[in-house]
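Next up, model_37.tsv (TSV, C-alpha atoms and all ligand atoms):
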```
chain	number	residue	atom	x	y	z
V	10	MET	CA	6.65	30.26	-16.04
V	11	LYS	CA	7.55	27.35	-13.84
V	12	LEU	CA	5.02	24.97	-12.35
V	13	LEU	CA	4.85	21.71	-10.50
V	14	HIS	CA	2.38	19.12	-11.71
V	15	THR	CA	1.11	16.25	-9.57
V	16	ALA	CA	-2.09	14.16	-9.38
V	17	ASP	CA	-3.69	11.02	-7.97
V	18	LEU	CA	-2.49	11.61	-4.41
V	19	GLN	CA	-5.42	9.48	-3.21
V	20	LEU	CA	-4.93	10.68	0.36
V	21	GLY	CA	-6.66	8.26	2.71
V	22	LEU	CA	-5.98	5.23	0.46
V	23	LYS	CA	-7.17	2.11	2.30
V	24	LEU	CA	-4.67	-0.55	1.13
V	25	HIS	CA	-6.89	-3.36	2.41
V	26	PHE	CA	-4.43	-6.05	1.34
V	27	LEU	CA	-1.95	-4.93	3.99
V	28	PRO	CA	-2.06	-5.69	7.73
V	29	PRO	CA	-3.84	-2.71	9.39
V	30	GLU	CA	-0.70	-1.36	11.05
V	31	THR	CA	1.30	-1.42	7.81
V	32	ALA	CA	-1.60	0.10	5.87
V	33	ALA	CA	-1.73	2.97	8.39
V	34	ARG	CA	2.02	3.52	7.98
V	35	MET	CA	1.71	3.54	4.17
V	36	ARG	CA	-1.28	5.92	4.37
V	37	SER	CA	0.72	8.40	6.40
V	38	LEU	CA	3.55	8.26	3.83
V	39	ARG	CA	1.23	9.79	1.25
V	40	PHE	CA	0.82	12.90	3.43
V	41	ALA	CA	4.55	13.06	4.20
V	42	THR	CA	5.37	12.89	0.50
V	43	LEU	CA	2.91	15.71	-0.20
V	44	ARG	CA	4.80	17.77	2.37
V	45	ARG	CA	8.05	16.99	0.53
V	46	ILE	CA	6.44	18.12	-2.73
V	47	ALA	CA	5.74	21.45	-0.99
V	48	GLU	CA	9.43	21.69	-0.06
V	49	LEU	CA	10.38	20.98	-3.67
V	50	ALA	CA	7.94	23.65	-4.88
V	51	ARG	CA	9.63	26.19	-2.59
V	52	GLN	CA	13.16	25.14	-3.59
V	53	GLU	CA	12.28	25.40	-7.26
V	54	GLN	CA	10.38	28.66	-6.70
V	55	VAL	CA	7.51	27.54	-8.90
V	56	ASP	CA	4.74	29.96	-9.82
V	57	CYS	CA	2.05	27.43	-8.98
V	58	VAL	CA	1.30	23.81	-8.19
V	59	LEU	CA	-1.35	21.85	-10.11
V	60	ILE	CA	-3.03	18.77	-8.63
V	61	ALA	CA	-4.90	17.16	-11.52
V	62	GLY	CA	-7.59	15.24	-9.66
V	63	ASP	CA	-7.97	12.39	-7.17
V	64	VAL	CA	-6.51	14.46	-4.35
V	65	LEU	CA	-8.54	12.30	-1.95
V	66	GLU	CA	-9.23	8.56	-2.04
V	67	ASP	CA	-13.02	8.90	-1.86
V	68	ASN	CA	-15.88	11.12	-0.78
V	69	ALA	CA	-16.60	9.11	2.38
V	70	LEU	CA	-13.38	10.21	4.11
V	71	LYS	CA	-13.78	11.37	7.69
V	72	ALA	CA	-12.49	14.47	9.44
V	73	ASP	CA	-9.23	12.84	10.63
V	74	THR	CA	-8.06	12.24	7.06
V	75	LEU	CA	-9.36	15.61	5.87
V	76	GLN	CA	-7.47	17.37	8.65
V	77	GLN	CA	-4.25	15.59	7.67
V	78	ALA	CA	-4.84	16.71	4.07
V	79	THR	CA	-5.45	20.31	5.19
V	80	ASP	CA	-2.28	20.30	7.30
V	81	ALA	CA	-0.17	18.88	4.46
V	82	LEU	CA	-1.60	21.39	1.94
V	83	ALA	CA	-0.80	24.20	4.39
V	84	CYS	CA	2.90	23.39	3.80
V	85	PHE	CA	2.68	25.04	0.37
V	86	ASP	CA	2.43	28.25	2.37
V	87	GLY	CA	2.17	31.12	-0.10
V	88	ILE	CA	2.64	29.09	-3.30
V	89	PRO	CA	-0.64	28.99	-5.24
V	90	VAL	CA	-2.09	25.47	-5.48
V	91	ILE	CA	-4.90	24.67	-7.91
V	92	MET	CA	-6.66	21.33	-7.67
V	93	ILE	CA	-9.59	19.72	-9.44
V	94	PRO	CA	-11.90	16.86	-8.41
V	95	GLY	CA	-11.19	13.55	-10.17
V	96	ASN	CA	-13.23	10.36	-10.32
V	97	HIS	CA	-12.24	9.35	-6.75
V	98	ASP	CA	-13.23	12.71	-5.27
V	99	ALA	CA	-15.78	13.93	-7.83
V	100	GLY	CA	-17.55	17.20	-7.13
V	101	THR	CA	-20.85	15.53	-6.21
V	102	ALA	CA	-23.22	16.60	-3.40
V	103	ASP	CA	-21.20	14.53	-0.88
V	104	SER	CA	-17.84	15.89	-2.11
V	105	ALA	CA	-15.08	15.40	0.48
V	106	LEU	CA	-13.02	18.11	-1.21
V	107	ALA	CA	-15.83	20.55	-0.47
V	108	ARG	CA	-15.56	19.60	3.22
V	109	LEU	CA	-11.81	20.22	3.20
V	110	GLU	CA	-10.69	23.34	5.05
V	111	LEU	CA	-8.54	24.93	2.36
V	112	PRO	CA	-5.39	26.67	3.56
V	113	LYS	CA	-4.83	30.18	2.15
V	114	GLY	CA	-3.60	30.00	-1.44
V	115	VAL	CA	-5.14	26.60	-2.18
V	116	VAL	CA	-7.90	26.78	-4.77
V	117	LEU	CA	-10.39	24.00	-5.38
V	118	ALA	CA	-11.54	24.54	-8.97
V	119	THR	CA	-15.06	23.24	-9.43
V	120	ARG	CA	-16.10	25.65	-12.16
V	121	ARG	CA	-15.28	25.69	-15.82
V	122	GLU	CA	-13.56	29.05	-15.86
V	123	SER	CA	-9.94	30.11	-16.13
V	124	ILE	CA	-7.83	31.12	-13.14
V	125	ALA	CA	-5.11	33.74	-13.57
V	126	VAL	CA	-1.60	32.90	-12.36
V	127	GLY	CA	0.48	35.99	-13.07
V	128	ASP	CA	0.31	36.53	-16.84
V	129	ALA	CA	-0.68	32.92	-17.44
V	130	ALA	CA	-4.10	31.28	-17.20
V	131	VAL	CA	-4.99	27.85	-15.85
V	132	TYR	CA	-8.13	26.23	-17.28
V	133	PRO	CA	-9.49	23.55	-14.91
V	134	CYS	CA	-11.67	20.68	-16.16
V	135	PRO	CA	-13.17	19.32	-12.92
V	136	LEU	CA	-15.08	16.02	-12.77
V	137	MET	CA	-18.38	16.85	-11.14
V	138	ARG	CA	-19.47	13.22	-11.47
V	139	ARG	CA	-17.44	10.05	-11.09
V	140	HIS	CA	-17.99	9.19	-14.72
V	141	GLU	CA	-18.64	11.98	-17.20
V	142	MET	CA	-20.28	10.86	-20.42
V	143	ASP	CA	-18.98	13.87	-22.34
V	144	ASP	CA	-15.37	14.95	-22.67
V	145	PRO	CA	-14.83	17.23	-19.62
V	146	THR	CA	-12.41	19.32	-21.69
V	147	ALA	CA	-14.87	20.05	-24.51
V	148	TRP	CA	-15.69	23.47	-23.01
V	149	LEU	CA	-12.12	24.75	-23.33
V	150	PRO	CA	-12.04	27.87	-25.53
V	151	ALA	CA	-9.59	28.42	-28.37
V	152	ARG	CA	-6.73	30.86	-27.89
V	153	GLN	CA	-7.59	34.50	-28.41
V	154	PRO	CA	-5.08	37.05	-29.74
V	155	GLY	CA	-2.91	38.54	-26.99
V	156	GLU	CA	-3.39	35.71	-24.48
V	157	GLY	CA	-0.42	34.58	-22.41
V	158	ILE	CA	0.64	31.04	-21.49
V	159	ARG	CA	-2.41	28.74	-21.28
V	160	ILE	CA	-2.51	25.59	-19.24
V	161	ALA	CA	-5.34	23.06	-19.08
V	162	MET	CA	-5.76	20.54	-16.27
V	163	ALA	CA	-7.98	17.47	-16.56
V	164	HIS	CA	-8.57	13.97	-15.23
V	165	GLY	CA	-9.27	10.98	-17.46
V	166	GLY	CA	-7.83	8.96	-20.32
V	167	VAL	CA	-6.24	10.61	-23.37
V	168	ILE	CA	-5.87	7.15	-24.89
V	169	ASN	CA	-7.82	4.01	-24.14
V	170	PHE	CA	-5.80	2.91	-21.15
V	171	ALA	CA	-8.33	0.16	-20.46
V	172	GLN	CA	-6.36	-2.20	-22.64
V	173	ASN	CA	-3.41	-1.51	-20.36
V	174	ALA	CA	-5.66	-2.51	-17.46
V	175	ASP	CA	-5.02	0.44	-15.21
V	176	SER	CA	-7.55	3.06	-16.22
V	177	GLU	CA	-10.42	3.51	-13.83
V	178	THR	CA	-12.65	5.84	-15.75
V	179	PRO	CA	-14.36	6.14	-19.07
V	180	ASN	CA	-13.67	9.89	-18.86
V	181	LEU	CA	-12.14	10.01	-22.31
V	182	ILE	CA	-10.34	13.17	-23.24
V	183	ASP	CA	-9.35	14.35	-26.71
V	184	ALA	CA	-5.89	15.74	-25.93
V	185	ASN	CA	-5.13	16.62	-29.55
V	186	ALA	CA	-8.21	18.85	-29.65
V	187	ILE	CA	-7.00	20.67	-26.52
V	188	VAL	CA	-3.57	21.30	-28.02
V	189	ALA	CA	-5.20	22.45	-31.27
V	190	LYS	CA	-7.05	25.12	-29.25
V	191	GLY	CA	-3.73	26.72	-28.41
V	192	PHE	CA	-2.88	25.31	-24.99
V	193	ASP	CA	0.80	25.28	-24.06
V	194	TYR	CA	0.56	22.45	-21.55
V	195	VAL	CA	-2.08	19.94	-20.46
V	196	ALA	CA	-1.63	18.66	-16.88
V	197	MET	CA	-3.32	15.26	-16.79
V	198	GLY	CA	-4.35	13.02	-13.92
V	199	ASP	CA	-5.79	9.48	-13.61
V	200	TRP	CA	-2.97	7.34	-15.04
V	201	HIS	CA	-0.71	6.49	-12.08
V	202	GLY	CA	2.59	6.28	-13.95
V	203	THR	CA	4.51	9.22	-15.37
V	204	PHE	CA	3.50	9.29	-19.02
V	205	ARG	CA	4.28	11.65	-21.88
V	206	TYR	CA	1.52	11.63	-24.48
V	207	ASN	CA	3.25	14.31	-26.53
V	208	ASP	CA	5.38	17.43	-25.94
V	209	ARG	CA	2.49	19.27	-24.35
V	210	VAL	CA	0.36	16.56	-22.74
V	211	TRP	CA	1.73	14.73	-19.69
V	212	TYR	CA	0.53	12.57	-16.83
V	213	SER	CA	2.57	13.23	-13.70
V	214	GLY	CA	1.51	9.89	-12.22
V	215	ALA	CA	0.78	9.34	-8.54
V	216	HIS	CA	3.28	10.69	-6.00
V	217	GLU	CA	3.22	7.28	-4.27
V	218	ALA	CA	2.27	4.07	-6.05
V	219	THR	CA	-0.99	2.34	-5.22
V	220	ARG	CA	-0.36	-1.10	-6.74
V	221	HIS	CA	2.36	-3.22	-8.25
V	222	LYS	CA	1.36	-3.12	-11.87
V	223	GLU	CA	1.79	0.64	-12.21
V	224	VAL	CA	4.55	1.73	-14.58
V	225	ASP	CA	6.91	4.45	-13.30
V	226	PRO	CA	4.81	6.02	-10.52
V	227	GLY	CA	6.28	8.14	-7.69
V	228	ASN	CA	7.29	11.26	-9.62
V	229	VAL	CA	6.12	14.83	-9.90
V	230	LEU	CA	6.75	16.97	-12.99
V	231	LEU	CA	8.59	20.26	-13.04
V	232	VAL	CA	7.31	22.16	-16.05
V	233	GLU	CA	8.98	25.24	-17.48
V	234	ILE	CA	7.33	27.22	-20.25
V	235	ALA	CA	9.37	30.10	-21.68
V	236	ALA	CA	6.58	31.86	-23.60
V	237	PRO	CA	3.21	31.23	-25.22
V	238	GLY	CA	3.74	28.64	-27.97
V	239	ALA	CA	7.12	27.47	-26.62
V	240	VAL	CA	7.55	23.72	-26.10
V	241	PRO	CA	7.46	23.04	-22.34
V	242	VAL	CA	10.58	21.64	-20.70
V	243	VAL	CA	9.29	18.83	-18.50
V	244	THR	CA	11.46	17.17	-15.85
V	245	PRO	CA	10.19	14.22	-13.80
V	246	VAL	CA	11.39	14.37	-10.18
V	247	PRO	CA	11.17	11.20	-8.05
V	248	VAL	CA	9.45	11.92	-4.72
V	249	ALA	CA	8.01	8.61	-3.49
V	250	SER	CA	9.37	7.04	-0.34
V	251	ALA	CA	7.65	3.68	-0.72
V	252	ARG	CA	9.08	1.29	-3.32
V	253	TRP	CA	6.86	-1.21	-5.08
V	254	ILE	CA	8.97	-3.85	-6.78
V	255	SER	CA	7.90	-6.80	-8.92
V	256	ARG	CA	10.30	-9.59	-9.82
V	257	ALA	CA	9.99	-12.93	-11.58
V	258	ILE	CA	12.47	-15.72	-10.87
V	259	GLU	CA	12.67	-19.13	-12.46
V	260	PHE	CA	14.81	-21.33	-10.23
V	261	THR	CA	17.19	-23.66	-12.06
V	262	ASP	CA	20.09	-23.53	-9.61
V	263	ASP	CA	20.26	-23.57	-5.78
V	264	ALA	CA	22.64	-20.59	-5.86
V	265	GLN	CA	19.68	-18.42	-6.91
V	266	VAL	CA	18.25	-18.69	-3.39
V	267	GLU	CA	21.38	-17.12	-1.95
V	268	GLU	CA	21.27	-14.50	-4.69
V	269	LEU	CA	17.68	-13.71	-3.76
V	270	GLY	CA	18.76	-13.37	-0.12
V	271	ALA	CA	21.49	-10.93	-1.15
V	272	TRP	CA	18.97	-9.00	-3.26
V	273	PHE	CA	16.58	-8.65	-0.30
V	274	GLY	CA	19.51	-7.56	1.86
V	275	ALA	CA	20.54	-4.88	-0.62
V	276	LEU	CA	17.09	-3.24	-0.76
V	277	PRO	CA	17.62	0.27	0.64
V	278	GLU	CA	14.65	0.43	3.03
V	279	ARG	CA	12.89	-2.87	3.43
V	280	SER	CA	10.37	-1.38	5.87
V	281	HIS	CA	9.22	0.94	3.03
V	282	THR	CA	9.32	-1.67	0.30
V	283	LEU	CA	6.48	-3.77	-1.10
V	284	VAL	CA	7.67	-6.75	-3.11
V	285	ALA	CA	5.69	-9.00	-5.43
V	286	LEU	CA	7.61	-12.13	-6.47
V	287	SER	CA	6.50	-14.44	-9.24
V	288	LEU	CA	8.36	-17.71	-8.68
V	289	SER	CA	8.72	-20.91	-10.66
V	290	GLY	CA	11.23	-23.66	-11.40
V	291	ALA	CA	12.79	-26.32	-9.18
V	292	LEU	CA	15.34	-26.56	-6.36
V	293	THR	CA	16.91	-29.35	-4.36
V	294	LEU	CA	15.16	-30.10	-1.08
V	295	GLY	CA	17.67	-28.16	1.00
V	296	ALA	CA	17.49	-25.04	-1.16
V	297	ARG	CA	13.70	-25.28	-1.34
V	298	ASP	CA	13.63	-25.28	2.44
V	299	ALA	CA	16.07	-22.35	2.59
V	300	LEU	CA	13.75	-20.44	0.21
V	301	ASP	CA	10.82	-20.85	2.62
V	302	VAL	CA	12.94	-19.59	5.52
V	303	LEU	CA	14.17	-16.62	3.46
V	304	LEU	CA	10.66	-15.67	2.37
V	305	ALA	CA	9.25	-15.98	5.90
V	306	ASP	CA	11.99	-13.72	7.27
V	307	ASN	CA	11.50	-11.09	4.58
V	308	ALA	CA	7.72	-11.20	4.86
V	309	GLU	CA	8.29	-9.82	8.37
V	310	ARG	CA	10.93	-7.26	7.42
V	311	LEU	CA	9.30	-5.83	4.30
V	312	ALA	CA	6.24	-3.59	4.30
V	313	TYR	CA	4.70	-6.35	2.17
V	314	LEU	CA	5.78	-9.51	0.44
V	315	ARG	CA	3.57	-11.39	-1.98
V	316	HIS	CA	4.89	-14.57	-3.57
V	317	ASP	CA	3.80	-17.84	-5.11
V	318	ALA	CA	6.53	-20.13	-3.80
V	319	HIS	CA	4.12	-23.08	-3.98
V	320	LYS	CA	4.95	-23.11	-7.69
V	321	VAL	CA	8.61	-23.93	-6.99
V	322	PHE	CA	9.16	-27.69	-7.01
V	323	ALA	CA	11.52	-29.52	-4.70
V	324	GLN	CA	13.62	-32.10	-6.47
V	325	PRO	CA	15.50	-34.40	-4.09
V	326	THR	CA	19.09	-35.10	-5.12
V	327	GLU	CA	20.78	-38.44	-4.60
V	328	ALA	CA	22.41	-36.92	-1.51
V	329	ASP	CA	19.00	-35.70	-0.22
V	330	LEU	CA	17.56	-39.17	-0.63
V	331	ALA	CA	20.57	-40.84	0.96
V	332	ALA	CA	20.27	-38.49	3.95
V	333	MET	CA	16.62	-39.43	4.38
V	334	ASN	CA	17.17	-43.12	3.85
V	335	GLY	CA	18.44	-43.85	7.32
V	336	GLU	CA	15.52	-45.64	8.87
V	337	SER	CA	13.42	-48.38	7.40
V	338	PHE	CA	10.12	-46.56	7.94
V	339	MET	CA	11.50	-43.42	6.27
V	340	ALA	CA	12.95	-45.46	3.42
V	341	ALA	CA	9.63	-47.16	2.76
V	342	ALA	CA	7.69	-43.90	2.85
V	343	LEU	CA	10.27	-42.27	0.64
V	344	ALA	CA	10.06	-44.99	-1.96
V	345	ARG	CA	6.29	-44.70	-2.06
V	346	LEU	CA	6.33	-40.92	-2.37
V	347	GLN	CA	8.89	-40.96	-5.16
V	348	GLY	CA	6.78	-43.38	-7.13
V	349	SER	CA	3.56	-41.51	-6.44
V	350	ALA	CA	1.70	-39.46	-9.03
V	351	ASP	CA	-0.29	-37.77	-6.25
V	352	ASP	CA	-0.16	-33.94	-6.43
V	353	ALA	CA	0.57	-33.82	-2.71
V	354	ALA	CA	3.63	-36.10	-2.99
V	355	PRO	CA	6.20	-33.30	-3.56
V	356	ASP	CA	4.88	-31.43	-0.50
V	357	ALA	CA	5.00	-34.61	1.57
V	358	LEU	CA	8.57	-35.21	0.43
V	359	ARG	CA	9.54	-31.68	1.45
V	360	LEU	CA	7.87	-32.12	4.81
V	361	MET	CA	9.72	-35.38	5.37
V	362	TYR	CA	12.96	-33.68	4.49
V	363	ARG	CA	12.29	-30.82	6.89
V	364	LEU	CA	11.34	-33.17	9.75
V	365	GLN	CA	14.43	-35.20	9.13
V	366	GLN	CA	16.61	-32.03	9.12
V	367	GLU	CA	15.00	-30.75	12.32
V	368	ALA	CA	15.49	-34.12	13.97
V	369	ALA	CA	19.14	-34.14	12.85
V	370	ASN	CA	19.67	-30.61	14.18
V	371	ALA	CA	17.94	-31.41	17.47
V	372	SER	CA	20.19	-34.39	18.08
V	373	VAL	CA	23.41	-32.36	17.58
L	1	MN	MN	-8.60	8.75	-11.24
```
Show the structure stored in the file as structure tokens.
Amino acid sequence: MKLLHTADLQLGLKLHFLPPETAARMRSLRFATLRRIAELARQEQVDCVLIAGDVLEDNALKADTLQQATDALACFDGIPVIMIPGNHDAGTADSALARLELPKGVVLATRRESIAVGDAAVYPCPLMRRHEMDDPTAWLPARQPGEGIRIAMAHGGVINFAQNADSETPNLIDANAIVAKGFDYVAMGDWHGTFRYNDRVWYSGAHEATRHKEVDPGNVLLVEIAAPGAVPVVTPVPVASARWISRAIEFTDDAQVEELGAWFGALPERSHTLVALSLSGALTLGARDALDVLLADNAERLAYLRHDAHKVFAQPTEADLAAMNGESFMAAALARLQGSADDAAPDALRLMYRLQQEAANASV
């Protein structure tokens, strides 16, 4: 059998750190990518699609978001889709998933009972509360003689991801116990990066990233299982259209500013790219100024740019100082700033340099 495994779609994700217009654009990408996953499912002629929890961002979502989710899910048109509630959209009394109008063929599994897909069986482990104290997979029965391919789907941590800082739930799951019960594949959700725990236990990761620290998000998994007991062949397929990129640069040479400019320029789709730069080091005054201009320009072009350029020091060269030394007032101020231990002195020096450059340019 062939299936497509995804999870953590978090449709309706708020992205509060973005300007409202950009956040809205990024929110709509998550629906568009779900539609592309439906296309992929059709191309690959999968037997079913599993969404292993956190389909929706939260249970307070309103009808506009739910309708967009319904319309995107309708694109699977005829391909069975099975989804379970996760910690974001737990099957509580106010469940948003329960308010979702499910297109034909889409099953919301809120009960601990198997669902037949051809000769195979899918065993859902829904989260009916945000945090389950007990392992939500404990109910899974052991394989009985004559059973076909068995697939479990669950949402939580198969290892203690907390130490990796990106797990949201204490919903701890004993994946080895599931495999020991004779399951061929365990479709996991909650961890946002694609992650192979072992041959049979995989996290697909989120279809679109939700933050910079995630490792390898933006994929879905194509899973092929030849027969009961066979090792699944799992192929990650990139589907995300937003790129979240983190980079650290320690400046030791002015040429690195130009290199950074070229790097920005070479990004395939800056309007769909969210960049987090961690900057340090020192530049001459001119290059330090050029860095500010470059960052300001790219902050407008990119979907998002976060940086800490205040950590990059400006070191005036002899030529910088000579250029600023023209007038007696400037020379006196310059001498004082250079000798100053005040934390604000480097900023003041940069400001002086910029004013002097602007004045020079204005007089041309
Ligand atoms: Mn989750």
Requested in this report: Kindly compile the residues surrounding ligand MN 1 (chain L) within 10 Å, counting all atoms listed in the file, and format them as a PyMOL selection string.
Outcome: chain V and resi 16-19+61-66+94-99+136+139+164-166+175-178+180+198-201+215
Query raised in the report: Restricting the calculation to only C-alpha atoms, which member of V:His14, V:Arg36, V:His25, V:Arg359 is positioned closest to V:Tyr212?
Result: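 With only C-alpha atoms as the atom set, the closest residue is V:His14.
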Query raised in the report: Between V:Val229, V:Asp263, V:Asp103, V:Leu12, which has the minimum distance to V:Ala129 (counting all atoms listed in the file)?
Result: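 Closest to V:Ala129, using all atoms listed in the file: V:Leu12.
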Query - Who sits within 7 Å of stretch 274-290 of chain V, all atoms listed in the file, same chain under 3 positions skipped, as a list in words - result: Ser250, Ala251, Arg252, Trp253, Ile254, Ser255, Arg256, Ala257, Ile258, Glu259, Phe260, Thr261, Gly270, Ala271, Arg310, Leu311, Ala312, Tyr313, Leu314, Arg315, His316, Asp317, Ala318, Lys320, Val321 and Phe322 of chain V
Report task. Pick out the closest residue to V:Gly202 from this set: V:Gln365, V:Asn228, V:Ser37, V:Asn307. Count all atoms listed in the file. Result ->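 Smallest distance to V:Gly202 is found for V:Asn228.
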Query - Residue with smallest distance to V:Glu223 - pool V:Val116, V:Thr203, V:Pro133, V:Thr326, counting only C-alpha atoms - result: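 Ranked by minimum distance to V:Glu223, first place goes to V:Thr203.
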**Report entry** Polymer residues at most 7 Å from V:Leu59, all atoms listed in the file, same-chain spacing of 6 or more positions, as a VMD selection string
**Finding:** chain V and resid 13 to 15 90 to 92
At a cut-off of 10 Å, using all atoms listed in the file, what residues contact V:Glu122? Leave out same-chain residues fewer than 5 positions from it and give the result as an mmCIF file with C-alpha atoms, in the frame of the given file.
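And here is the file that came out, part_26.cif:
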```cif
data_model
loop_
_atom_site.group_PDB
_atom_site.id
_atom_site.type_symbol
_atom_site.label_atom_id
_atom_site.label_comp_id
_atom_site.auth_asym_id
_atom_site.auth_seq_id
_atom_site.Cartn_x
_atom_site.Cartn_y
_atom_site.Cartn_z
ATOM 1 C CA ALA V 130 -4.100 31.280 -17.200
ATOM 2 C CA VAL V 131 -4.990 27.850 -15.850
ATOM 3 C CA TYR V 132 -8.130 26.230 -17.280
ATOM 4 C CA PRO V 133 -9.490 23.550 -14.910
ATOM 5 C CA CYS V 134 -11.670 20.680 -16.160
ATOM 6 C CA TRP V 148 -15.690 23.470 -23.010
ATOM 7 C CA LEU V 149 -12.120 24.750 -23.330
ATOM 8 C CA PRO V 150 -12.040 27.870 -25.530
#
```
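The spacing separating atom CA of V:Arg45 from atom CA of V:Ala33 amounts to 18.8 Å.
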Non-local contacts of V:Asp144 (7 Å; all atoms listed in the file; under 3 positions in same chain excluded) as an mmCIF file with C-alpha atoms, keeping the file's coordinate frame:
```cif
data_model
loop_
_atom_site.group_PDB
_atom_site.id
_atom_site.type_symbol
_atom_site.label_atom_id
_atom_site.label_comp_id
_atom_site.auth_asym_id
_atom_site.auth_seq_id
_atom_site.Cartn_x
_atom_site.Cartn_y
_atom_site.Cartn_z
ATOM 1 C CA ALA V 147 -14.870 20.050 -24.510
ATOM 2 C CA ASN V 180 -13.670 9.890 -18.860
ATOM 3 C CA LEU V 181 -12.140 10.010 -22.310
ATOM 4 C CA ILE V 182 -10.340 13.170 -23.240
#
```
Query raised in the report: Leaving out V:Arg51 and any residue of its chain fewer than 2 positions from it, which residues lie within 12 Å of it when counting all atoms listed in the file, given as a list in words?
Result: Lys11, Leu12, Leu13, Arg44, Arg45, Ile46, Ala47, Glu48, Leu49, Glu53, Gln54, Val55, Asp56, Cys57, Val58, Cys84, Phe85, Asp86, Gly87, Ile88 and Pro89 of chain V
Report task. Point out the residue among V:Ile160, V:Ile60, V:Ala125, V:Leu269 with the least atom-to-atom distance to V:Ile234, counting only C-alpha atoms. Result ->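 Answer, going by the shortest atom-to-atom distance: V:Ile160.
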Query raised in the report: Between atom CA of V:Arg159 and atom CA of V:Asp67, what is the spacing in Å?
Result: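 Going from atom CA of V:Asp67 over to atom CA of V:Arg159 covers 29.7 Å.
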